[in-house]
Structure formats: C-alpha cells, structure tokens
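Presented below is the structure to which this report refers.
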Amino acid sequence: MSDYKTIHGVGIRDYTTDPDTLITGQVWFDKTNKVLQFQAEGAGAFSTGGNMNTARRRMPGVGTQTAALVISGTADPPVYAQVESYNGSAFSEVADVNTSREEHAAGGTQASAIVFGDKPNNANTELWNGSGWTEVNNLNTARYELTGDGPSSTAVIAFGGVPQKAVTETWNGTSWTEVGDLNAGRGASHGAGTTTSALASGGYTTAYVAVNESYNGTSWTEVADLNTSRGYATQTAGSSNTSALVVGGTPDTANTEVWNGTAWTELNNMPAVRVNAAGAGTTASALIAGGRNPNLTNTSLEWNDPVLSTKTADTD
Amino acid sequence: MAKTYQYCVAENWGKGFIDHEESTRITFKSFPGDVWQVPAYNKHGNLWIAKVAGAVKTKDEAQTIVTAKVDAAQTAWDNDNVEGESSDEKIERIGAKPADITLEE
C-alpha cells in the first residue's frame, strides 16, 4: 500500500500547535487534538467586519481593508458630516468634513484623501491630511452620484454623475482638469483605478445598465458588460482598469462580480442585499461598510479572495 | 421533506461574528430582524449558531419575524412622501419599496 511519503516524497510532521509559517497545501498531524490538518486555499468569501458607530449610506470609502475611511453619508435624513476610520477590527470617529454630504465621491488613502461633489449639485472639494479637512479648489462641473477613485490625494479621477453626466475630471493635487468624456453619461456607476487607468461599470441612465468602460488616461472605451445590470453598488479595485470588484447594488442584489481586465466573473454573494455602501481595498481584500441591507445598517463585511484557512480532515 | 436550511436570530456584533474560516465552510444569508439562514444538518452551521448564541427558530417562526420587519419597512416607505415628488424621484431619494421576502424550507 502506498503511503503519503511514497507519493509526495516527504512525510507528515506532527506538531503540538499549528506550524508557525503555513504554506498552502501543507499537511500536518495535530498531536494535541489527534487530527490530520491541512492549509487550504478557498474561494473568495465575505466575513463580518467591525460595526460603524453610525448607520448610513450613500457615501464613499477610501484606503484598504485594514486602513480605511468612510466619509459622510446619510440616514435619509440627516446627512452626516461624520467620518469614521477603520483599523481592520473597529471603527472610530475622526474629524468631520466641513460640508455634510451624500452621493459624493472620494479617492486616496486613510492618511491622505480627497472628497468631492454632493447632492444637490455641489462642486465642493475637501482634502484630508490625516487629522483634518481643508477646502480646496472645486470640481469644474458640480454634480452628485458621481464616481471617483485614485491611489493618493494628488492623483484622483472623477466621472459621471447626475443628471446623466459624461464629464470626467482629474485632480493633480491642486486643481481639477476636464479630460475625455464617458461614452455613456450616467449616475450611480461604480469606479476604480487612477488618472491613467480607470474603469466605470454599471449605473443609471433611464434604467439600470450593465455598460462598462475602460479609461486609458485619454479616452474611455466600452469593454465587456457586467453580468448583472445595476447602479448604487460598491466597487473596490486594484490600481488599474484591469482589476475591480463590484458587490450589491440596485435593483437590490447581493451579487458579487470580479473584473480581470477582460471579463466579469460571478463569485460568492454577500449574506444579504446591500446598496449604497462604502468600499475600500482590492479585489483580493476589500471592506464593504454601511449602506442598506435592505434596511439602513452600520455593519460591515470583509471580502478575502482566496481565503487561506486551516482545515481538519474529516468525513463530513 | 427534509429541510435544507435552519434559522436563528442573532445580532451581528461585528468583527468575528462570521469569521473567514466559517465563511468558506458554509453559506450564510441574513434577513431583516437579525434572522440568519445556514445549512441544516450541518456541523459547521450548528457550531456557528452555538458560537453566536443564536436563538433557533423554525422556518415559520423566522418568516413571521422577517415579514413583520418587511411590513414595517413597507409602511414606512409608503408614508415617506414629499409633495410634488414623482415615483422615480421617490425611488431615487429613498430607494425602491422593500420587497416581500419568502424564506426557504
């Protein structure tokens, strides 16, 4: 009879505690519990993150899954000026924005961010330096339900917005400059990327749409549609137009899709529908905070793909 | 007929309520009223309900809780009106009317 060592060339070590540095596929015998364990890579999934102090929706997030900001937002009403910072476990309040906002957009990081636009038709822009907000030069085109993203507070892109605007602007740390328009003007779309490589998916024109456009620093080009038409979803992203995650949205859905630069693929859903939530992070590690699910919520979800975990060999 | 799902009521306390490992082992669904659905006859679902001190409910009991919450949300939606506002404008302002939810056996 073949044994593990014959097949794999190495034996199974035993440990009284889990090995310090686990490797995907590693197998070991847990002497304490007398079970065979292994380190497995599972499909992406949502777990619960910390709860925000204030339930709200229609706000953006910036940063990463473990270092994020959730900025302003509404409870229909009131519209909040509050900003909350997430450390991977819990939210805490930091300095308020100067202008309470809803249906605005943001870019940057937890330490250095920019927020812009507001309902109804506000061009106001504020800059966050890690401790306070300062008003800076306004957008050229006032709007709400716009979308924005960027890796730092000195390189951010803003596009779309209500009423069905195609306008795109980039921020260089000092001022906004108008660049190439979207092909399909729309609000409530989902955005990812930088001033030279961005993605605009879904949104609302006269109906919820699946249209998806890619920006190369100069112009927008239509690429493969979302599988599910929607607006008001949460999009988090990598640093380009080749990597994005879209979750939830209206018509109310818990659906999750990931973009690889060519096509959207459906992944595991959230536990419930979620609309108008803030998002931060990447396609591999994201935070989805607040929104409504279907009622207004202060809860958050953490997305990890793949999920590395220690499993016990059993027959279940 | 054997049931596919089991239900419990548990308040999401935040981080750790559903951890990464649990999220890969079973599929969770949540509903209004802090109602959670996990697979029936499943060791990992049972362990999770015990961890969160979930109050186990039959499907019908869970449905009653969810329906009450949805009814309240629908009534609140019906009563939230702004003079002169169109149907589309209302949906844009507060979202679509909450839909009925039917739990699965």
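Residue numbers start at 1 in each chain; chains themselves are named A, B, ... in the order of the structure tokens; ligands are numbered from 1 in the order shown.
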
Taking only C-alpha atoms into account, produce a table as a tab-separated table in which each residue of chain A with an atom at most 10 Å from an atom of chain B appears once, together with its shortest atom pair and the distance in Å to one decimal, ordered by chain and rising number.
```
residue	atom	partner	partner_atom	distance
A:Glu41	CA	B:Thr24	CA	9.5
A:Gly42	CA	B:Thr24	CA	6.4
A:Ala43	CA	B:Thr24	CA	7.1
A:Gly44	CA	B:Thr24	CA	7.8
A:Ala45	CA	B:Ser23	CA	5.9
A:Phe46	CA	B:Ser23	CA	6.1
A:Ser47	CA	B:Ile18	CA	5.1
A:Thr48	CA	B:Ile18	CA	5.3
A:Gly49	CA	B:Lys15	CA	4.2
A:Gly50	CA	B:Gly14	CA	4.2
A:Asn51	CA	B:Gly14	CA	5.0
A:Met52	CA	B:Gly14	CA	8.8
A:Ala75	CA	B:Ile94	CA	9.6
A:Asp76	CA	B:Ile94	CA	6.9
A:Pro77	CA	B:Ile94	CA	9.7
A:Gly88	CA	B:Lys15	CA	8.6
A:Ser89	CA	B:Lys15	CA	6.0
A:Ala90	CA	B:Lys15	CA	7.6
A:Tyr232	CA	B:Gly95	CA	9.9
A:Thr250	CA	B:Gly95	CA	8.4
A:Pro251	CA	B:Ala96	CA	8.0
A:Asp252	CA	B:Ala96	CA	8.4
A:Ala254	CA	B:Lys29	CA	9.7
A:Asn268	CA	B:Thr27	CA	8.8
A:Asn269	CA	B:Thr27	CA	9.0
A:Met270	CA	B:Lys29	CA	7.7
A:Pro271	CA	B:Lys29	CA	4.1
A:Ala272	CA	B:Ser30	CA	5.4
A:Val273	CA	B:Ser30	CA	8.8
A:Val275	CA	B:Gly95	CA	9.0
A:Asn276	CA	B:Gly95	CA	9.6
A:Arg292	CA	B:Gly95	CA	9.4
A:Asn293	CA	B:Pro32	CA	8.1
A:Pro294	CA	B:Pro98	CA	7.1
A:Asn295	CA	B:Pro32	CA	7.4
A:Asn298	CA	B:Gly14	CA	9.3
A:Thr299	CA	B:Gly14	CA	6.6
A:Ser300	CA	B:Gly14	CA	7.2
A:Leu301	CA	B:Lys15	CA	8.6
A:Glu302	CA	B:His20	CA	8.6
A:Trp303	CA	B:His20	CA	8.7
A:Asn304	CA	B:His20	CA	7.8
A:Pro306	CA	B:Thr24	CA	9.7
A:Val307	CA	B:His20	CA	6.8
A:Leu308	CA	B:Glu21	CA	8.0
A:Ser309	CA	B:Glu21	CA	5.9
A:Thr310	CA	B:Glu21	CA	7.9
A:Lys311	CA	B:Glu21	CA	8.5
A:Asp316	CA	B:Lys43	CA	8.0
```

Any chance you can output those residues with N, CA and C atoms as a compact mmCIF listing (two decimals), in the first residue's frame?
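File produced: part21.txt:
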```
# COMPACT_ATOMS: atom_id res chain seq x y z
N GLU A 41 -6.66 26.71 0.33
CA GLU A 41 -6.99 27.99 -0.28
C GLU A 41 -8.42 27.88 -0.80
N GLY A 42 -9.35 28.61 -0.17
CA GLY A 42 -10.75 28.53 -0.56
C GLY A 42 -11.14 29.68 -1.46
N ALA A 43 -12.31 29.55 -2.10
CA ALA A 43 -12.83 30.62 -2.96
C ALA A 43 -13.13 31.86 -2.11
N GLY A 44 -13.17 33.02 -2.77
CA GLY A 44 -13.43 34.26 -2.07
C GLY A 44 -14.73 34.22 -1.29
N ALA A 45 -14.76 34.86 -0.14
CA ALA A 45 -15.96 34.84 0.70
C ALA A 45 -15.99 36.07 1.59
N PHE A 46 -17.18 36.35 2.10
CA PHE A 46 -17.38 37.50 2.99
C PHE A 46 -17.45 37.04 4.45
N SER A 47 -16.73 37.73 5.29
CA SER A 47 -16.90 37.58 6.74
C SER A 47 -17.34 38.94 7.28
N THR A 48 -17.70 38.98 8.54
CA THR A 48 -18.16 40.26 9.10
C THR A 48 -16.97 41.08 9.59
N GLY A 49 -17.04 42.38 9.35
CA GLY A 49 -16.05 43.31 9.88
C GLY A 49 -16.65 44.07 11.05
N GLY A 50 -15.93 45.01 11.57
CA GLY A 50 -16.43 45.82 12.69
C GLY A 50 -17.66 46.63 12.29
N ASN A 51 -18.47 46.99 13.28
CA ASN A 51 -19.64 47.82 13.02
C ASN A 51 -19.29 49.30 13.11
N MET A 52 -19.81 50.09 12.18
CA MET A 52 -19.61 51.54 12.25
C MET A 52 -20.37 52.11 13.45
N ALA A 75 -28.65 59.22 6.63
CA ALA A 75 -29.63 58.28 7.17
C ALA A 75 -31.03 58.66 6.69
N ASP A 76 -31.09 59.46 5.66
CA ASP A 76 -32.35 59.82 4.95
C ASP A 76 -33.41 60.55 5.77
N PRO A 77 -33.25 61.66 6.34
CA PRO A 77 -32.05 62.32 6.80
C PRO A 77 -31.67 61.79 8.19
N GLY A 88 -9.20 47.59 10.66
CA GLY A 88 -9.21 46.15 10.43
C GLY A 88 -10.04 45.40 11.45
N SER A 89 -10.36 46.08 12.54
CA SER A 89 -11.18 45.46 13.59
C SER A 89 -12.36 46.34 14.00
N ALA A 90 -12.10 47.64 14.15
CA ALA A 90 -13.13 48.53 14.69
C ALA A 90 -13.08 49.89 14.01
N TYR A 232 -25.65 52.01 -7.95
CA TYR A 232 -25.52 52.15 -6.49
C TYR A 232 -24.84 50.96 -5.82
N THR A 250 -28.49 48.22 -6.81
CA THR A 250 -29.92 48.25 -7.14
C THR A 250 -30.10 47.95 -8.62
N PRO A 251 -31.14 47.18 -9.06
CA PRO A 251 -32.15 46.51 -8.26
C PRO A 251 -31.49 45.64 -7.19
N ASP A 252 -32.07 45.66 -5.99
CA ASP A 252 -31.40 45.12 -4.81
C ASP A 252 -30.83 43.71 -5.05
N ALA A 254 -27.37 40.87 -3.86
CA ALA A 254 -26.21 40.52 -3.05
C ALA A 254 -25.06 40.05 -3.93
N ASN A 268 -18.88 34.38 -4.95
CA ASN A 268 -19.82 34.18 -3.83
C ASN A 268 -20.52 35.48 -3.46
N ASN A 269 -21.81 35.38 -3.20
CA ASN A 269 -22.59 36.56 -2.84
C ASN A 269 -22.37 36.99 -1.40
N MET A 270 -22.79 38.21 -1.11
CA MET A 270 -22.86 38.67 0.28
C MET A 270 -24.01 37.94 0.98
N PRO A 271 -24.05 37.94 2.32
CA PRO A 271 -25.15 37.27 3.01
C PRO A 271 -26.51 37.90 2.73
N ALA A 272 -26.53 39.17 2.35
CA ALA A 272 -27.80 39.86 2.07
C ALA A 272 -27.56 40.93 1.03
N VAL A 273 -28.66 41.42 0.46
CA VAL A 273 -28.52 42.55 -0.47
C VAL A 273 -27.83 43.69 0.26
N VAL A 275 -26.85 47.95 -0.66
CA VAL A 275 -26.91 49.05 -1.62
C VAL A 275 -26.31 50.30 -0.98
N ASN A 276 -25.66 51.13 -1.80
CA ASN A 276 -25.14 52.43 -1.32
C ASN A 276 -24.11 52.29 -0.20
N ARG A 292 -27.58 50.01 2.91
CA ARG A 292 -28.80 49.39 3.41
C ARG A 292 -28.84 47.94 2.94
N ASN A 293 -29.38 47.04 3.83
CA ASN A 293 -29.33 45.60 3.50
C ASN A 293 -30.56 44.81 3.96
N PRO A 294 -31.80 45.04 3.67
CA PRO A 294 -32.28 46.17 2.89
C PRO A 294 -32.49 47.43 3.72
N ASN A 295 -32.49 47.29 5.07
CA ASN A 295 -32.65 48.49 5.90
C ASN A 295 -31.29 49.11 6.17
N ASN A 298 -25.26 49.62 10.02
CA ASN A 298 -23.93 50.08 10.41
C ASN A 298 -22.92 48.94 10.31
N THR A 299 -23.36 47.79 9.79
CA THR A 299 -22.46 46.64 9.74
C THR A 299 -21.50 46.73 8.56
N SER A 300 -20.44 45.95 8.62
CA SER A 300 -19.51 45.90 7.50
C SER A 300 -19.19 44.45 7.17
N LEU A 301 -18.69 44.26 5.97
CA LEU A 301 -18.25 42.94 5.52
C LEU A 301 -16.82 43.04 5.02
N GLU A 302 -16.09 41.97 5.23
CA GLU A 302 -14.73 41.90 4.69
C GLU A 302 -14.68 40.79 3.64
N TRP A 303 -14.17 41.13 2.48
CA TRP A 303 -14.03 40.17 1.38
C TRP A 303 -12.58 39.74 1.30
N ASN A 304 -12.35 38.45 1.24
CA ASN A 304 -10.99 37.94 1.03
C ASN A 304 -11.02 36.87 -0.04
N PRO A 306 -8.06 34.64 -2.38
CA PRO A 306 -8.67 33.49 -1.74
C PRO A 306 -8.63 33.60 -0.23
N VAL A 307 -9.40 32.75 0.43
CA VAL A 307 -9.36 32.68 1.89
C VAL A 307 -8.45 31.51 2.26
N LEU A 308 -7.37 31.81 2.95
CA LEU A 308 -6.47 30.76 3.42
C LEU A 308 -6.93 30.32 4.80
N SER A 309 -7.12 29.05 4.98
CA SER A 309 -7.57 28.60 6.29
C SER A 309 -7.04 27.20 6.59
N THR A 310 -7.00 26.92 7.88
CA THR A 310 -6.58 25.61 8.34
C THR A 310 -7.80 24.71 8.44
N LYS A 311 -7.76 23.59 7.78
CA LYS A 311 -8.90 22.68 7.80
C LYS A 311 -8.50 21.36 8.43
N ASP A 316 -17.16 14.66 6.93
CA ASP A 316 -18.43 15.39 6.77
C ASP A 316 -18.56 15.93 5.35
```

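Non-sequential neighbours of A:Arg186 (distance at most 6 Å, separation of 4 or more positions within a chain, only C-alpha atoms) are Gly160, Gly161, Gln164, Lys165, Tyr204 and Thr205 of chain A.
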
Residues from last step as file, N, CA and C atoms, as an mmCIF file, in the first residue's frame:
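See again-v1.cif below for the written result:
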```
data_model
loop_
_atom_site.group_PDB
_atom_site.id
_atom_site.type_symbol
_atom_site.label_atom_id
_atom_site.label_comp_id
_atom_site.auth_asym_id
_atom_site.auth_seq_id
_atom_site.Cartn_x
_atom_site.Cartn_y
_atom_site.Cartn_z
ATOM 1 N N GLY A 160 -18.805 60.899 -14.445
ATOM 2 C CA GLY A 160 -20.239 60.659 -14.386
ATOM 3 C C GLY A 160 -20.927 61.545 -13.363
ATOM 4 N N GLY A 161 -22.138 61.162 -13.026
ATOM 5 C CA GLY A 161 -22.917 61.920 -12.059
ATOM 6 C C GLY A 161 -24.280 62.289 -12.606
ATOM 7 N N GLN A 164 -27.158 62.483 -15.472
ATOM 8 C CA GLN A 164 -26.605 61.705 -16.592
ATOM 9 C C GLN A 164 -25.401 62.382 -17.236
ATOM 10 N N LYS A 165 -24.464 62.741 -16.450
ATOM 11 C CA LYS A 165 -23.293 63.447 -16.971
ATOM 12 C C LYS A 165 -22.229 62.457 -17.442
ATOM 13 N N TYR A 204 -26.924 54.281 -13.799
ATOM 14 C CA TYR A 204 -28.325 54.532 -14.150
ATOM 15 C C TYR A 204 -28.382 55.613 -15.228
ATOM 16 N N THR A 205 -29.093 55.304 -16.325
ATOM 17 C CA THR A 205 -29.344 56.314 -17.362
ATOM 18 C C THR A 205 -30.842 56.612 -17.303
#
```

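If you count only C-alpha atoms and ignore residues fewer than 6 places along the chain from A:Ser92, what sits within 10 Å of it is Asn51, Met52, Asn53, Leu69, Val83, Glu84, Ser85 and Tyr86 of chain A.
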
Deliver the residues from the most recent selection as a file, using N, CA and C atoms, as a PDB file, in the first residue's frame.
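Output (again_37.pdb):
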```pdb
ATOM      1  N   ASN A  51     -18.466  46.994  13.284  1.00  0.00           N
ATOM      2  CA  ASN A  51     -19.645  47.819  13.019  1.00  0.00           C
ATOM      3  C   ASN A  51     -19.287  49.299  13.114  1.00  0.00           C
ATOM      4  N   MET A  52     -19.810  50.095  12.185  1.00  0.00           N
ATOM      5  CA  MET A  52     -19.611  51.537  12.250  1.00  0.00           C
ATOM      6  C   MET A  52     -20.367  52.105  13.453  1.00  0.00           C
ATOM      7  N   ASN A  53     -19.961  53.264  13.901  1.00  0.00           N
ATOM      8  CA  ASN A  53     -20.659  53.924  15.012  1.00  0.00           C
ATOM      9  C   ASN A  53     -22.011  54.467  14.566  1.00  0.00           C
ATOM     10  N   LEU A  69     -11.180  54.818   5.447  1.00  0.00           N
ATOM     11  CA  LEU A  69     -12.046  55.900   5.906  1.00  0.00           C
ATOM     12  C   LEU A  69     -13.408  55.738   5.251  1.00  0.00           C
ATOM     13  N   VAL A  83     -16.961  61.269   9.900  1.00  0.00           N
ATOM     14  CA  VAL A  83     -16.012  60.424   9.176  1.00  0.00           C
ATOM     15  C   VAL A  83     -15.532  59.359  10.149  1.00  0.00           C
ATOM     16  N   GLU A  84     -15.504  58.122   9.701  1.00  0.00           N
ATOM     17  CA  GLU A  84     -15.038  57.046  10.571  1.00  0.00           C
ATOM     18  C   GLU A  84     -13.841  56.345   9.944  1.00  0.00           C
ATOM     19  N   SER A  85     -12.911  55.985  10.801  1.00  0.00           N
ATOM     20  CA  SER A  85     -11.672  55.333  10.388  1.00  0.00           C
ATOM     21  C   SER A  85     -11.709  53.871  10.840  1.00  0.00           C
ATOM     22  N   TYR A  86     -11.292  52.962   9.969  1.00  0.00           N
ATOM     23  CA  TYR A  86     -11.308  51.519  10.271  1.00  0.00           C
ATOM     24  C   TYR A  86      -9.884  50.985  10.327  1.00  0.00           C
TER      25      TYR A  86
END
```

### Query
When DSSP works through the backbone of this structure, what residues of chain B end up as alpha helix (DSSP H), shown as a VMD selection string?
chain B and resid 20 to 25 43 to 51 59 to 79 87 to 94

### Task
Extract, using only C-alpha atoms, all DNA, RNA and protein residues at most 8 Å from A:Asn183, discarding same-chain residues fewer than 4 positions from it, and format them as a PyMOL selection string.
chain A and resi 166+213+220-222

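For stretch 29-35 of chain A, the non-local neighbours within 7 Å, defined as residues at least 6 positions apart in the same chain or in other chains and counting only C-alpha atoms, are Ile12, Arg13, Asp14, Tyr15, Thr16, Thr17 and Thr312 of chain A.
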
Could those selected residues go to a file with N, CA and C atoms, as a PDB file, in the first residue's frame?
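The new file result_7.pdb reads:
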```
ATOM      1  N   ILE A  12       4.660  13.325   6.858  1.00  0.00           N
ATOM      2  CA  ILE A  12       3.802  14.308   7.547  1.00  0.00           C
ATOM      3  C   ILE A  12       4.388  14.559   8.928  1.00  0.00           C
ATOM      4  N   ARG A  13       4.739  15.792   9.208  1.00  0.00           N
ATOM      5  CA  ARG A  13       5.284  16.133  10.519  1.00  0.00           C
ATOM      6  C   ARG A  13       4.150  16.253  11.516  1.00  0.00           C
ATOM      7  N   ASP A  14       4.466  16.052  12.748  1.00  0.00           N
ATOM      8  CA  ASP A  14       3.446  16.294  13.767  1.00  0.00           C
ATOM      9  C   ASP A  14       3.842  17.493  14.617  1.00  0.00           C
ATOM     10  N   TYR A  15       2.835  18.185  15.104  1.00  0.00           N
ATOM     11  CA  TYR A  15       3.025  19.406  15.888  1.00  0.00           C
ATOM     12  C   TYR A  15       2.085  19.382  17.092  1.00  0.00           C
ATOM     13  N   THR A  16       2.519  20.019  18.146  1.00  0.00           N
ATOM     14  CA  THR A  16       1.605  20.180  19.289  1.00  0.00           C
ATOM     15  C   THR A  16       0.751  21.427  19.121  1.00  0.00           C
ATOM     16  N   THR A  17       1.251  22.405  18.318  1.00  0.00           N
ATOM     17  CA  THR A  17       0.443  23.574  17.932  1.00  0.00           C
ATOM     18  C   THR A  17       0.570  23.708  16.420  1.00  0.00           C
ATOM     19  N   THR A 312      -9.482  20.715   9.011  1.00  0.00           N
ATOM     20  CA  THR A 312      -9.265  19.414   9.620  1.00  0.00           C
ATOM     21  C   THR A 312      -9.857  18.344   8.714  1.00  0.00           C
TER      22      THR A 312
END
```

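Near A:Thr141, within 9 Å and counting only C-alpha atoms, sit Gly117, Asn121, Asn122, Ala123, Val167, Glu169 and Glu178 of chain A; same-chain residues fewer than 4 positions away were not included.
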
### Task
Please measure the separation of atom CA of B:Lys3 and atom CA of A:Ala313, giving the value in Å to one decimal.
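Computing the Euclidean distance for atom CA of B:Lys3 and atom CA of A:Ala313 yields 26.2 Å.
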
### Counting only C-alpha atoms, the residue of A:Asn87, A:Thr170, A:Ser219, A:Gln37 that sits nearest A:Ala111
A:Asn87

### Filtered DSSP result for stretch 77-222 of chain A, state strand (DSSP E), as a ChimeraX atom specification
/A:79-86,91-94,105-108,113-118,122-128,133-136,147-152,155-159,168-171,176-179,190-193,198-201,212-215,220-222

### Query
Taking into account only C-alpha atoms, which residue in the set A:Gly132, A:Asn241, A:Tyr80, A:Pro60 is nearest to A:Val94?
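Result for the nearest residue to A:Val94: A:Gly132.
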
## Note on the structure
Pairwise distance, atom CA of A:Val246 with atom CA of A:Asn212, equals 11.6 Å

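Proximity to A:Ala158 was assessed for A:Trp133, A:Trp128, A:Trp264, A:Tyr215 counting only C-alpha atoms; the smallest distance is recorded for A:Tyr215.
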
### Message
Would you compute the distance between atom CA of B:Pro39 and atom CA of B:Lys57? Give it in Å to one decimal.
### Response
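Here the two named atoms are 13.3 Å from each other.
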
### Query
Contacts of A:Ile157 at 12 Å or less, counting only C-alpha atoms, minus same-chain residues fewer than 5 places along, as a PyMOL selection string?
chain A and resi 105-108+114-116+139+146-152+167-173+175-181+191-200+215-218+240
